[in-house]
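So this block is upload39.cif, mmCIF, C-alpha atoms:
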```
data_work
loop_
_atom_site.label_atom_id
_atom_site.label_comp_id
_atom_site.auth_asym_id
_atom_site.auth_seq_id
_atom_site.Cartn_x
_atom_site.Cartn_y
_atom_site.Cartn_z
CA ILE A 25 13.02 -3.34 40.18
CA ASP A 26 14.65 -5.65 37.65
CA ALA A 27 12.64 -6.05 34.43
CA PRO A 28 13.45 -6.74 30.76
CA ALA A 29 14.16 -3.70 28.62
CA ASN A 30 11.92 -4.79 25.73
CA VAL A 31 8.82 -6.98 25.59
CA THR A 32 6.49 -7.61 22.65
CA CYS A 33 2.79 -6.88 22.94
CA GLY A 34 0.85 -9.94 24.08
CA GLU A 35 3.81 -11.58 25.77
CA MET A 36 4.32 -12.24 29.48
CA PHE A 37 7.30 -10.96 31.43
CA THR A 38 8.48 -11.09 35.02
CA ALA A 39 9.64 -8.13 37.08
CA THR A 40 11.73 -8.85 40.16
CA ILE A 41 11.70 -6.62 43.23
CA GLU A 42 14.95 -7.10 45.06
CA VAL A 43 17.11 -5.57 47.75
CA GLY A 44 19.47 -2.88 46.60
CA SER A 45 21.74 -2.15 49.51
CA GLY A 46 21.72 -1.21 53.22
CA PHE A 47 18.90 -3.49 54.43
CA ALA A 48 20.09 -4.35 57.96
CA ASP A 49 18.30 -4.81 61.29
CA LEU A 50 14.91 -4.70 59.60
CA ALA A 51 11.70 -5.21 61.55
CA SER A 52 9.19 -4.11 58.88
CA LEU A 53 8.89 -3.04 55.28
CA GLN A 54 5.99 -1.91 53.14
CA TYR A 55 5.57 -0.47 49.67
CA SER A 56 3.26 -0.43 46.66
CA LEU A 57 4.19 -1.25 43.08
CA ASN A 58 2.20 0.77 40.52
CA TRP A 59 1.63 0.42 36.76
CA ASP A 60 -0.73 1.62 34.03
CA THR A 61 -3.52 -0.95 33.65
CA SER A 62 -4.06 0.00 30.01
CA GLU A 63 -0.49 -1.12 29.30
CA LEU A 64 0.08 -4.05 31.67
CA MET A 65 -2.12 -6.66 33.32
CA TYR A 66 -1.12 -8.40 36.53
CA ALA A 67 -0.94 -12.16 35.96
CA SER A 68 0.66 -13.74 39.01
CA HIS A 69 3.41 -13.48 41.60
CA ALA A 70 5.88 -15.96 43.03
CA ASN A 71 8.93 -16.40 45.25
CA LEU A 72 7.71 -14.24 48.12
CA LEU A 73 10.52 -13.96 50.63
CA SER A 74 9.54 -15.62 53.93
CA ILE A 75 11.87 -14.73 56.74
CA GLY A 76 11.65 -13.81 60.40
CA GLY A 77 8.04 -13.00 61.16
CA GLY A 78 6.73 -15.02 58.23
CA ALA A 79 5.39 -14.42 54.77
CA PRO A 80 4.56 -10.88 53.71
CA LEU A 81 0.98 -9.83 53.11
CA VAL A 82 0.33 -8.86 49.51
CA ALA A 83 -2.67 -7.46 47.64
CA PRO A 84 -2.22 -7.60 43.87
CA GLY A 85 -4.04 -5.25 41.56
CA VAL A 86 -7.17 -4.69 43.63
CA THR A 87 -8.97 -1.43 42.98
CA ASN A 88 -8.27 0.99 45.77
CA PRO A 89 -9.71 4.46 46.26
CA MET A 90 -6.25 5.69 47.22
CA THR A 91 -4.84 4.94 43.77
CA PRO A 92 -5.66 7.03 40.69
CA PRO A 93 -8.05 5.54 38.10
CA GLY A 94 -6.29 3.24 35.67
CA ILE A 95 -3.36 2.58 37.99
CA GLY A 96 -2.81 -0.99 39.12
CA TYR A 97 -0.97 -1.80 42.31
CA PHE A 98 0.70 -4.59 44.19
CA SER A 99 0.96 -3.81 47.91
CA TYR A 100 3.57 -5.53 50.05
CA THR A 101 3.66 -5.57 53.86
CA TRP A 102 6.13 -7.47 55.99
CA ALA A 103 6.85 -7.24 59.70
CA ASP A 104 8.78 -9.24 62.29
CA PRO A 105 7.45 -8.05 65.63
CA THR A 106 9.04 -10.99 67.46
CA GLY A 107 12.54 -10.27 66.27
CA THR A 108 15.03 -8.86 68.78
CA ASP A 109 17.73 -7.69 66.48
CA GLY A 110 15.97 -7.29 63.12
CA GLU A 111 16.69 -9.06 59.88
CA ASP A 112 19.61 -8.50 57.57
CA TRP A 113 18.91 -8.86 53.82
CA ASN A 114 21.82 -9.29 51.49
CA ASP A 115 22.09 -7.11 48.42
CA GLY A 116 20.17 -8.69 45.56
CA THR A 117 17.80 -10.62 47.81
CA VAL A 118 14.58 -11.26 45.88
CA LEU A 119 11.48 -10.01 47.72
CA VAL A 120 8.97 -11.10 45.10
CA GLU A 121 8.64 -11.87 41.39
CA ILE A 122 5.59 -10.46 39.60
CA THR A 123 4.45 -11.58 36.14
CA PHE A 124 2.62 -9.21 33.80
CA LYS A 125 0.94 -9.53 30.42
CA VAL A 126 1.64 -6.77 27.87
CA LEU A 127 -1.53 -5.11 26.55
CA LYS A 128 -0.13 -2.29 24.43
CA ASN A 129 2.72 -1.47 22.14
CA ASP A 130 4.85 1.50 21.15
CA VAL A 131 4.99 2.84 24.69
CA ALA A 132 7.40 2.59 27.61
CA ALA A 133 5.59 1.04 30.58
CA GLN A 134 6.70 2.28 33.99
CA LEU A 135 6.93 0.09 37.08
CA SER A 136 7.31 2.30 40.15
CA LEU A 137 7.56 1.67 43.87
CA THR A 138 5.33 4.31 45.43
CA GLY A 139 3.17 5.17 48.42
CA ASP A 140 -0.13 4.38 46.68
CA PRO A 141 -1.92 2.91 48.52
CA LEU A 142 0.69 1.87 51.11
CA ALA A 143 3.33 4.35 52.18
CA LEU A 144 6.89 3.44 51.23
CA GLU A 145 8.57 2.95 54.63
CA VAL A 146 10.84 0.73 56.65
CA SER A 147 11.63 0.34 60.38
CA ASN A 148 14.38 -1.35 62.37
CA TYR A 149 14.13 -3.70 65.35
CA ALA A 150 13.67 -0.66 67.65
CA PHE A 151 10.75 0.40 65.42
CA CYS A 152 12.54 3.51 64.34
CA SER A 153 11.41 4.34 60.84
CA GLY A 154 13.84 5.02 58.04
CA THR A 155 13.77 6.25 54.47
CA VAL A 156 13.83 3.99 51.46
CA SER A 157 14.89 4.97 47.96
CA ALA A 158 13.35 3.00 45.13
CA GLN A 159 14.66 2.46 41.63
CA PRO A 160 11.80 2.18 39.06
CA ALA A 161 11.92 0.16 35.84
CA SER A 162 10.95 1.13 32.32
CA VAL A 163 9.90 -1.57 29.87
CA ASN A 164 9.59 -0.81 26.16
CA LEU A 165 6.41 -2.44 24.92
CA GLU A 166 7.05 -3.42 21.34
CA ALA A 167 4.45 -4.11 18.69
CA VAL A 168 3.91 -7.32 16.84
CA THR A 169 5.92 -6.85 13.67
CA ILE A 170 6.25 -8.06 10.12
CA ASP A 171 9.21 -7.38 7.83
CA LEU A 172 7.62 -6.47 4.51
CA GLU A 173 9.22 -6.65 1.10
CA PRO A 174 8.57 -4.01 -1.59
CA ILE A 175 5.52 -4.51 -3.80
CA ALA A 176 6.59 -4.67 -7.44
CA PRO A 177 4.71 -2.40 -9.89
CA VAL A 178 2.17 -4.18 -12.08
CA CYS A 179 0.70 -3.52 -15.50
CA PRO A 180 -2.85 -2.25 -16.04
CA GLY A 181 -5.33 -5.09 -16.14
CA THR A 182 -3.43 -7.17 -13.59
CA THR A 183 -5.75 -8.82 -11.06
CA SER A 184 -3.34 -9.56 -8.17
CA VAL A 185 0.07 -8.71 -6.77
CA ASP A 186 2.23 -10.36 -4.10
CA LEU A 187 3.31 -8.70 -0.85
CA GLY A 188 6.18 -10.76 0.49
CA TYR A 189 7.53 -10.77 4.03
CA THR A 190 10.56 -12.33 5.63
CA ALA A 191 9.90 -12.44 9.39
CA THR A 192 7.40 -11.63 12.14
CA SER A 193 7.49 -11.10 15.89
CA GLY A 194 4.74 -11.43 18.45
CA SER A 195 3.11 -14.28 16.47
CA PRO A 196 0.66 -12.34 14.29
CA ASP A 197 -1.81 -14.74 12.70
CA GLU A 198 -4.30 -12.39 11.01
CA TYR A 199 -4.16 -9.42 8.66
CA SER A 200 -6.49 -6.83 7.16
CA ILE A 201 -6.13 -4.26 4.38
CA ASP A 202 -7.89 -0.90 4.32
CA PHE A 203 -7.59 0.97 1.01
CA ASP A 204 -8.07 4.71 0.92
CA SER A 205 -11.01 6.34 -0.85
CA ASP A 206 -9.09 6.98 -4.08
CA ALA A 207 -8.23 3.29 -4.38
CA GLU A 208 -11.77 2.21 -3.54
CA ALA A 209 -13.10 4.56 -6.24
CA GLU A 210 -10.96 2.63 -8.75
CA GLY A 211 -12.37 -0.71 -7.65
CA PHE A 212 -9.97 -1.86 -4.93
CA ALA A 213 -11.71 -3.76 -2.10
CA ASP A 214 -10.83 -3.79 1.59
CA VAL A 215 -9.92 -7.06 3.30
CA ASP A 216 -11.35 -7.78 6.76
CA PHE A 217 -9.20 -9.65 9.26
CA THR A 218 -8.39 -13.05 7.86
CA ALA A 219 -5.74 -15.70 8.41
CA LEU A 220 -2.20 -14.53 7.70
CA PRO A 221 -0.73 -16.88 5.08
CA SER A 222 2.89 -17.82 4.75
CA SER A 223 4.72 -15.34 2.53
CA PRO A 224 3.56 -13.86 0.25
CA ILE A 225 0.25 -12.14 0.96
CA GLU A 226 -1.76 -12.00 -2.27
CA ILE A 227 -3.43 -8.63 -2.79
CA SER A 228 -6.32 -8.34 -5.23
CA VAL A 229 -5.87 -5.56 -7.81
CA SER A 230 -8.73 -3.84 -9.59
CA GLU A 231 -8.58 -4.96 -13.23
CA THR A 232 -10.09 -1.67 -14.38
CA ALA A 233 -7.91 0.65 -12.28
CA SER A 234 -6.03 3.39 -14.08
CA CYS A 235 -2.30 3.78 -13.86
CA GLY A 236 -1.28 5.30 -10.55
CA THR A 237 -0.30 4.54 -6.95
CA TYR A 238 -3.01 3.26 -4.62
CA ASN A 239 -2.46 3.50 -0.86
CA ALA A 240 -3.67 1.19 1.88
CA VAL A 241 -3.01 0.28 5.51
CA LEU A 242 -2.00 -3.30 6.27
CA THR A 243 -2.76 -4.33 9.86
CA ILE A 244 -1.44 -7.51 11.42
CA ARG A 245 -2.88 -8.97 14.61
CA ASN A 246 -2.32 -11.73 17.10
CA SER A 247 -5.88 -13.00 17.46
CA THR A 248 -5.15 -14.54 20.86
CA THR A 249 -3.64 -11.50 22.55
CA GLY A 250 -5.38 -8.82 20.48
CA CYS A 251 -2.07 -7.06 19.85
CA GLU A 252 -1.77 -5.49 16.43
CA ASN A 253 0.39 -3.20 14.32
CA SER A 254 -0.23 -1.25 11.12
CA TYR A 255 1.89 -0.51 8.07
CA ASN A 256 1.40 1.80 5.10
CA ILE A 257 1.57 -0.06 1.80
CA ALA A 258 1.06 1.01 -1.82
CA VAL A 259 0.09 -0.81 -5.00
CA THR A 260 1.50 0.84 -8.12
CA ILE A 261 0.00 0.28 -11.55
CA GLU A 262 2.36 1.56 -14.19
CA ASP A 263 3.67 1.17 -17.71
CA THR A 264 6.62 3.36 -18.64
CA GLN A 265 7.25 1.89 -22.09
CA ALA A 266 5.64 3.32 -25.21
CA PRO A 267 4.08 1.00 -27.80
CA ASN A 268 6.45 -0.34 -30.44
CA LEU A 269 6.11 -1.94 -33.86
CA ILE A 270 5.44 -5.65 -33.94
CA ASN A 271 7.68 -5.82 -37.00
CA SER A 272 10.24 -3.05 -37.25
CA ASN A 273 10.21 -3.42 -41.04
CA VAL A 274 6.45 -2.87 -41.30
CA ASP A 275 5.46 0.61 -40.16
CA CYS A 276 2.64 2.97 -41.05
CA SER A 277 4.15 3.67 -44.44
CA SER A 278 3.00 0.18 -45.37
CA LEU A 279 -0.51 1.63 -45.39
CA ASN A 280 0.32 4.42 -47.84
CA LYS A 281 -1.67 4.57 -51.07
CA SER A 282 -0.61 6.39 -54.24
CA ASN A 283 -1.88 6.98 -57.76
CA LEU A 284 -5.42 6.85 -56.52
CA ASN A 285 -7.80 7.67 -59.36
CA GLN A 286 -9.90 10.20 -57.45
CA CYS A 287 -10.83 13.77 -57.90
CA LEU A 288 -9.88 16.18 -55.12
CA ALA A 289 -13.45 16.48 -53.81
CA VAL A 290 -13.65 12.74 -53.22
CA ALA A 291 -10.19 12.52 -51.64
CA ALA A 292 -10.93 15.42 -49.29
CA ILE A 293 -13.88 13.67 -47.66
CA PHE A 294 -12.11 10.36 -46.98
CA ASP A 295 -12.72 9.28 -43.33
CA ALA A 296 -9.23 8.42 -42.08
CA THR A 297 -10.57 7.22 -38.71
CA THR A 298 -11.42 4.02 -40.56
CA LEU A 299 -7.66 3.32 -40.55
CA GLU A 300 -7.30 3.44 -36.73
CA GLY A 301 -7.77 -0.28 -36.18
CA THR A 302 -5.33 -1.14 -38.97
CA VAL A 303 -2.73 1.26 -37.56
CA ALA A 304 -3.13 -0.15 -34.02
CA ALA A 305 -2.63 -3.68 -35.36
CA LEU A 306 0.94 -2.74 -36.36
CA TYR A 307 1.91 -2.10 -32.71
CA GLN A 308 2.35 -3.99 -29.44
CA ASP A 309 2.96 -2.96 -25.81
CA ASN A 310 4.71 -4.61 -22.86
CA CYS A 311 1.49 -4.32 -20.83
CA GLY A 312 -1.02 -5.48 -23.37
CA SER A 313 -3.26 -3.85 -25.92
CA VAL A 314 -2.92 -0.46 -27.65
CA SER A 315 -5.28 1.87 -29.44
CA ALA A 316 -4.79 4.34 -32.30
CA SER A 317 -6.55 7.62 -32.93
CA LEU A 318 -6.44 10.09 -35.78
CA THR A 319 -4.93 13.34 -34.50
CA GLY A 320 -4.50 15.36 -37.70
CA THR A 321 -5.04 15.60 -41.46
CA ALA A 322 -2.71 17.72 -43.59
CA ALA A 323 -3.60 18.61 -47.22
CA GLY A 324 -0.72 18.95 -49.66
CA ASN A 325 0.23 22.37 -51.02
CA GLY A 326 -1.34 23.03 -54.39
CA ASN A 327 -3.80 20.18 -54.27
CA SER A 328 -5.98 19.96 -57.36
CA ASP A 329 -8.05 17.44 -59.22
CA CYS A 330 -5.00 16.61 -61.26
CA SER A 331 -2.72 15.89 -58.32
CA TRP A 332 -3.34 15.86 -54.58
CA THR A 333 -1.81 14.53 -51.33
CA PHE A 334 -3.24 14.03 -47.84
CA THR A 335 -1.13 13.03 -44.80
CA TYR A 336 -2.92 11.48 -41.84
CA THR A 337 -1.25 11.51 -38.39
CA PHE A 338 -2.13 8.85 -35.81
CA GLU A 339 -1.27 8.55 -32.12
CA ILE A 340 -0.80 5.01 -30.80
CA THR A 341 -1.41 4.87 -27.03
CA ASP A 342 -1.25 2.24 -24.27
CA LYS A 343 -3.33 2.13 -21.10
CA CYS A 344 -0.93 4.40 -19.22
CA ASP A 345 -0.94 7.06 -21.95
CA ASN A 346 2.53 6.28 -23.28
CA SER A 347 2.35 7.01 -26.99
CA VAL A 348 4.09 7.18 -30.35
CA THR A 349 2.94 8.77 -33.60
CA CYS A 350 2.98 7.66 -37.20
CA MET A 351 1.76 8.99 -40.55
CA VAL A 352 -0.07 7.49 -43.50
CA GLU A 353 -0.06 9.23 -46.89
CA TYR A 354 -2.71 9.02 -49.58
CA SER A 355 -2.06 10.62 -53.00
CA GLY A 356 -3.57 10.58 -56.46
CA GLY A 357 -5.48 12.61 -59.03
CA ASP A 358 -7.69 12.37 -62.08
CA LYS A 359 -6.15 9.58 -64.18
CA GLU A 360 -9.04 8.95 -66.62
CA ALA A 361 -9.63 10.48 -70.05
CA PRO A 362 -13.14 11.80 -70.75
CA ALA A 363 -15.65 9.13 -71.79
CA LEU A 364 -18.88 9.12 -73.81
CA VAL A 365 -21.96 9.72 -71.78
CA ASN A 366 -23.65 7.11 -74.01
CA VAL A 367 -21.40 4.70 -75.81
CA ASN A 368 -24.05 4.46 -78.52
CA VAL A 369 -24.10 8.17 -79.06
CA ASP A 370 -20.68 9.35 -80.16
CA CYS A 371 -19.55 12.32 -82.20
CA SER A 372 -20.86 10.76 -85.42
CA SER A 373 -24.28 11.65 -84.13
CA LEU A 374 -23.41 15.25 -84.96
CA ASN A 375 -22.57 14.56 -88.61
CA GLU A 376 -24.51 16.54 -91.24
CA SER A 377 -24.65 15.61 -94.88
CA ASN A 378 -26.15 16.97 -98.11
CA LEU A 379 -25.75 20.53 -96.84
CA ASN A 380 -26.75 23.00 -99.54
CA GLN A 381 -23.68 25.25 -99.13
CA CYS A 382 -21.00 26.48 -101.44
CA LEU A 383 -17.45 25.55 -100.51
CA ALA A 384 -16.59 29.08 -99.32
CA VAL A 385 -19.41 29.07 -96.82
CA ALA A 386 -18.63 25.59 -95.58
CA ALA A 387 -14.95 26.44 -95.23
CA ALA A 388 -15.78 29.48 -93.07
CA PHE A 389 -17.96 27.46 -90.61
CA ASP A 390 -16.86 27.96 -86.97
#
```
Let me see whether you can do it: turn the structure in this file into C-alpha cells.
Amino acid sequence: IDAPANVTCGEMFTATIEVGSGFADLASLQYSLNWDTSELMYASHANLLSIGGGAPLVAPGVTNPMTPPGIGYFSYTWADPTGTDGEDWNDGTVLVEITFKVLKNDVAAQLSLTGDPLALEVSNYAFCSGTVSAQPASVNLEAVTIDLEPIAPVCPGTTSVDLGYTATSGSPDEYSIDFDSDAEAEGFADVDFTALPSSPIEISVSETASCGTYNAVLTIRNSTTGCENSYNIAVTIEDTQAPNLINSNVDCSSLNKSNLNQCLAVAAIFDATTLEGTVAALYQDNCGSVSASLTGTAAGNGNSDCSWTFTYTFEITDKCDNSVTCMVEYSGGDKEAPALVNVNVDCSSLNESNLNQCLAVAAAFD
C-alpha cells in the first residue's frame, strides 16, 4: 500500500494498492483493505486494473458481520478462469486507487490488507493456492493548525488584547475561547465559535480584573470538515513599576507644615487621612491611577504644648500593589501670649484707692 505519510484532518488523500513482487502466472487474487471508520471515510476508488478475465469485483466500505465494529473495508476479488497460463503482473502494477477523507487528527491511521471479510489468497493458472505477504501503510493524521504569537501583558483596566498568528494549515475558519473558572470569576467571557479573522484575534479583557494570569483554551475549526484543534493561551494583566513622582522636585515634603500655632491636644487629634488625596496627586503610574493611604503616625520625642512634631507616613499604591512610601511632617507649638478674657476688663479693674492703711501695712501686702 502506497499512501502519503502525513495528511491534515479534513483533507482527502489517495492510497494506491500495487504489486510488490513475484506476481506471475496468476489466475485469481482476493483481499480486503481495512481501516478505522472513526479516522477515515471511504470516498471513492479509481483505476481498477482490468486484465485477463475482466474487471475485479469490489465492495467498498459496506458493513459486514465478518468485520469488527468500526472497521471499514474494501474487498477485492479478481479471477481469470479462462486463462491457460495465468497473468503476469509487473512490479509496481497498480491494482486500484482508493480515496479517503480524514476525520480525525493526532493519530496514525492504519491501512491494512487483511482477511476480513475476504481471505487474503492467490492462485495460479493450475488453481494451486499460494501465500501473499502484504505491506500495510500508516498515515499520520495531522490537526488543523495555527501558529500563534505570544500575547503581550496588559495593564489593569485594559479592555482588549491582540493574539497574533502567522500561519494556518487545514483551512480553519472559526475559533472559540473557553476561559477557566478563575478568569470567568474576574469577568472574562467565553467566545462561542465565530469567524476567524485575519491576524490578529482580538480578545476582550475584563476591565475590572485584578493583576494576574488568566488561562483559556483557544479552539480553531474548519467549519466544512469539522476538524478542529485546541491551544492553551493566557492573558496576563500586570504592572511591575511602582508609582513615581510627577515632578521629581515636588515630593511629600512640599506638604510639610511648621510653626503651627496649636497646642499639643489639638495637634494630636489631626486627621491625617485628609491628606491622602493630596499625596496621591503628587504621583503617577505607567498603568494609570494611584491611591494613597495613611499607614502610620509618629509623635516626636518630648512633645509638649510649647513644641511638638508629628510625622505621617503614606503608602502610594497602583492597581497591582506596587508601592512607594513618603512622609509629611507637621510641627508647631503655643506661639501666643496670654490675652484678656474681656478686653474691657483689664488689670485696672483690680485697682483699689483710698485704702485706710499706714505705709508699713501697705508695704507688707502680699
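This file, queried with the PyMOL selection byres ((chain A and resi 82) around 9), gives the residues A:Pro80, A:Leu81, A:Ala83, A:Pro84, A:Phe98, A:Ser99, A:Tyr100, A:Thr101, A:Trp102.
Among the candidates A:Ala292, A:Asp49, A:Cys287, A:Thr32, the one nearest to Tyr149 (chain A) when counting only C-alpha atoms is A:Asp49.
The space between CA of Ala51 (chain A) and CA of Thr38 (chain A) spans 27.4 Å.
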Practice item. Would you write out, as a VMD selection string, every residue that the PyMOL selection byres ((chain A and resi 166) around 7) captures in this file? Key: chain A and resid 30 to 33 129 to 130 164 to 165 167 to 168
Could you please take those selected residues and save C-alpha atoms as a PDB file, in the frame of the given file?
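Heads up, here's the output in result-v9.pdb:
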```
ATOM      1  CA  ASN A  30      11.920  -4.790  25.730  1.00  0.00           C
ATOM      2  CA  VAL A  31       8.820  -6.980  25.590  1.00  0.00           C
ATOM      3  CA  THR A  32       6.490  -7.610  22.650  1.00  0.00           C
ATOM      4  CA  CYS A  33       2.790  -6.880  22.940  1.00  0.00           C
ATOM      5  CA  ASN A 129       2.720  -1.470  22.140  1.00  0.00           C
ATOM      6  CA  ASP A 130       4.850   1.500  21.150  1.00  0.00           C
ATOM      7  CA  ASN A 164       9.590  -0.810  26.160  1.00  0.00           C
ATOM      8  CA  LEU A 165       6.410  -2.440  24.920  1.00  0.00           C
ATOM      9  CA  ALA A 167       4.450  -4.110  18.690  1.00  0.00           C
ATOM     10  CA  VAL A 168       3.910  -7.320  16.840  1.00  0.00           C
TER      11      VAL A 168
END
```
Practice item. In Å, rounded to a single decimal, give me how far CA of Asn310 (chain A) is from CA of Tyr238 (chain A). Key: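 Distance between the two atoms: 21.3 Å.
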Check your understanding: Do you know which residues the PyMOL selection byres ((chain A and resi 297) around 12) returns on this file, as a VMD selection string?
Key -> chain A and resid 293 to 296 298 to 304 315 to 321 336 to 339 352
Exercise for review: Choose the residue, out of A:Gly326, A:Gly46, A:Pro267, A:Pro180, that has the smallest atom-to-atom separation from Thr232 (chain A); count all atoms listed in the file.
Suggested key: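 Comparing A:Gly326, A:Gly46, A:Pro267, A:Pro180 against Thr232 (chain A), the winner is A:Pro180.
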Model the absent atoms of region 228-245 of chain A so that N, CA, C and O atoms are present, and write the result as a CSV table (one decimal), keeping the file's coordinate frame.
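This is the output file result.csv:
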```
chain,number,residue,atom,x,y,z
A,228,SER,N,-5.5,-8.5,-4.0
A,228,SER,CA,-6.3,-8.3,-5.2
A,228,SER,C,-6.2,-6.9,-5.8
A,228,SER,O,-6.2,-5.9,-5.1
A,229,VAL,N,-6.0,-6.8,-7.1
A,229,VAL,CA,-5.9,-5.6,-7.8
A,229,VAL,C,-7.1,-5.4,-8.7
A,229,VAL,O,-7.5,-6.3,-9.4
A,230,SER,N,-7.6,-4.1,-8.7
A,230,SER,CA,-8.7,-3.8,-9.6
A,230,SER,C,-8.3,-3.9,-11.1
A,230,SER,O,-7.4,-3.2,-11.5
A,231,GLU,N,-8.9,-4.8,-11.8
A,231,GLU,CA,-8.6,-5.0,-13.2
A,231,GLU,C,-8.8,-3.7,-14.1
A,231,GLU,O,-8.2,-3.5,-15.1
A,232,THR,N,-9.7,-2.9,-13.6
A,232,THR,CA,-10.1,-1.7,-14.4
A,232,THR,C,-9.4,-0.4,-13.9
A,232,THR,O,-9.7,0.7,-14.4
A,233,ALA,N,-8.5,-0.5,-12.9
A,233,ALA,CA,-7.9,0.6,-12.3
A,233,ALA,C,-7.0,1.3,-13.3
A,233,ALA,O,-6.3,0.6,-14.0
A,234,SER,N,-7.0,2.6,-13.2
A,234,SER,CA,-6.0,3.4,-14.1
A,234,SER,C,-4.6,3.3,-13.5
A,234,SER,O,-4.4,2.9,-12.4
A,235,CYS,N,-3.7,3.7,-14.3
A,235,CYS,CA,-2.3,3.8,-13.9
A,235,CYS,C,-2.2,4.8,-12.7
A,235,CYS,O,-2.8,5.9,-12.7
A,236,GLY,N,-1.4,4.4,-11.7
A,236,GLY,CA,-1.3,5.3,-10.6
A,236,GLY,C,-0.8,4.5,-9.3
A,236,GLY,O,-0.6,3.3,-9.4
A,237,THR,N,-0.7,5.2,-8.2
A,237,THR,CA,-0.3,4.5,-7.0
A,237,THR,C,-1.5,4.6,-6.0
A,237,THR,O,-2.1,5.6,-5.8
A,238,TYR,N,-1.8,3.4,-5.5
A,238,TYR,CA,-3.0,3.3,-4.6
A,238,TYR,C,-2.6,2.8,-3.2
A,238,TYR,O,-1.9,1.8,-3.0
A,239,ASN,N,-2.9,3.7,-2.2
A,239,ASN,CA,-2.5,3.5,-0.9
A,239,ASN,C,-3.4,2.7,0.0
A,239,ASN,O,-4.7,2.8,-0.2
A,240,ALA,N,-2.9,2.0,1.0
A,240,ALA,CA,-3.7,1.2,1.9
A,240,ALA,C,-2.9,1.0,3.2
A,240,ALA,O,-1.7,1.3,3.3
A,241,VAL,N,-3.6,0.6,4.2
A,241,VAL,CA,-3.0,0.3,5.5
A,241,VAL,C,-3.2,-1.2,5.8
A,241,VAL,O,-4.3,-1.8,5.8
A,242,LEU,N,-2.0,-1.9,5.9
A,242,LEU,CA,-2.0,-3.3,6.3
A,242,LEU,C,-1.9,-3.4,7.8
A,242,LEU,O,-1.0,-2.8,8.4
A,243,THR,N,-2.8,-4.1,8.4
A,243,THR,CA,-2.8,-4.3,9.9
A,243,THR,C,-2.6,-5.8,10.1
A,243,THR,O,-3.3,-6.6,9.6
A,244,ILE,N,-1.6,-6.1,11.0
A,244,ILE,CA,-1.4,-7.5,11.4
A,244,ILE,C,-1.9,-7.6,12.9
A,244,ILE,O,-1.8,-6.6,13.6
A,245,ARG,N,-2.3,-8.8,13.3
A,245,ARG,CA,-2.9,-9.0,14.6
A,245,ARG,C,-2.6,-10.4,15.1
A,245,ARG,O,-2.7,-11.3,14.4
```
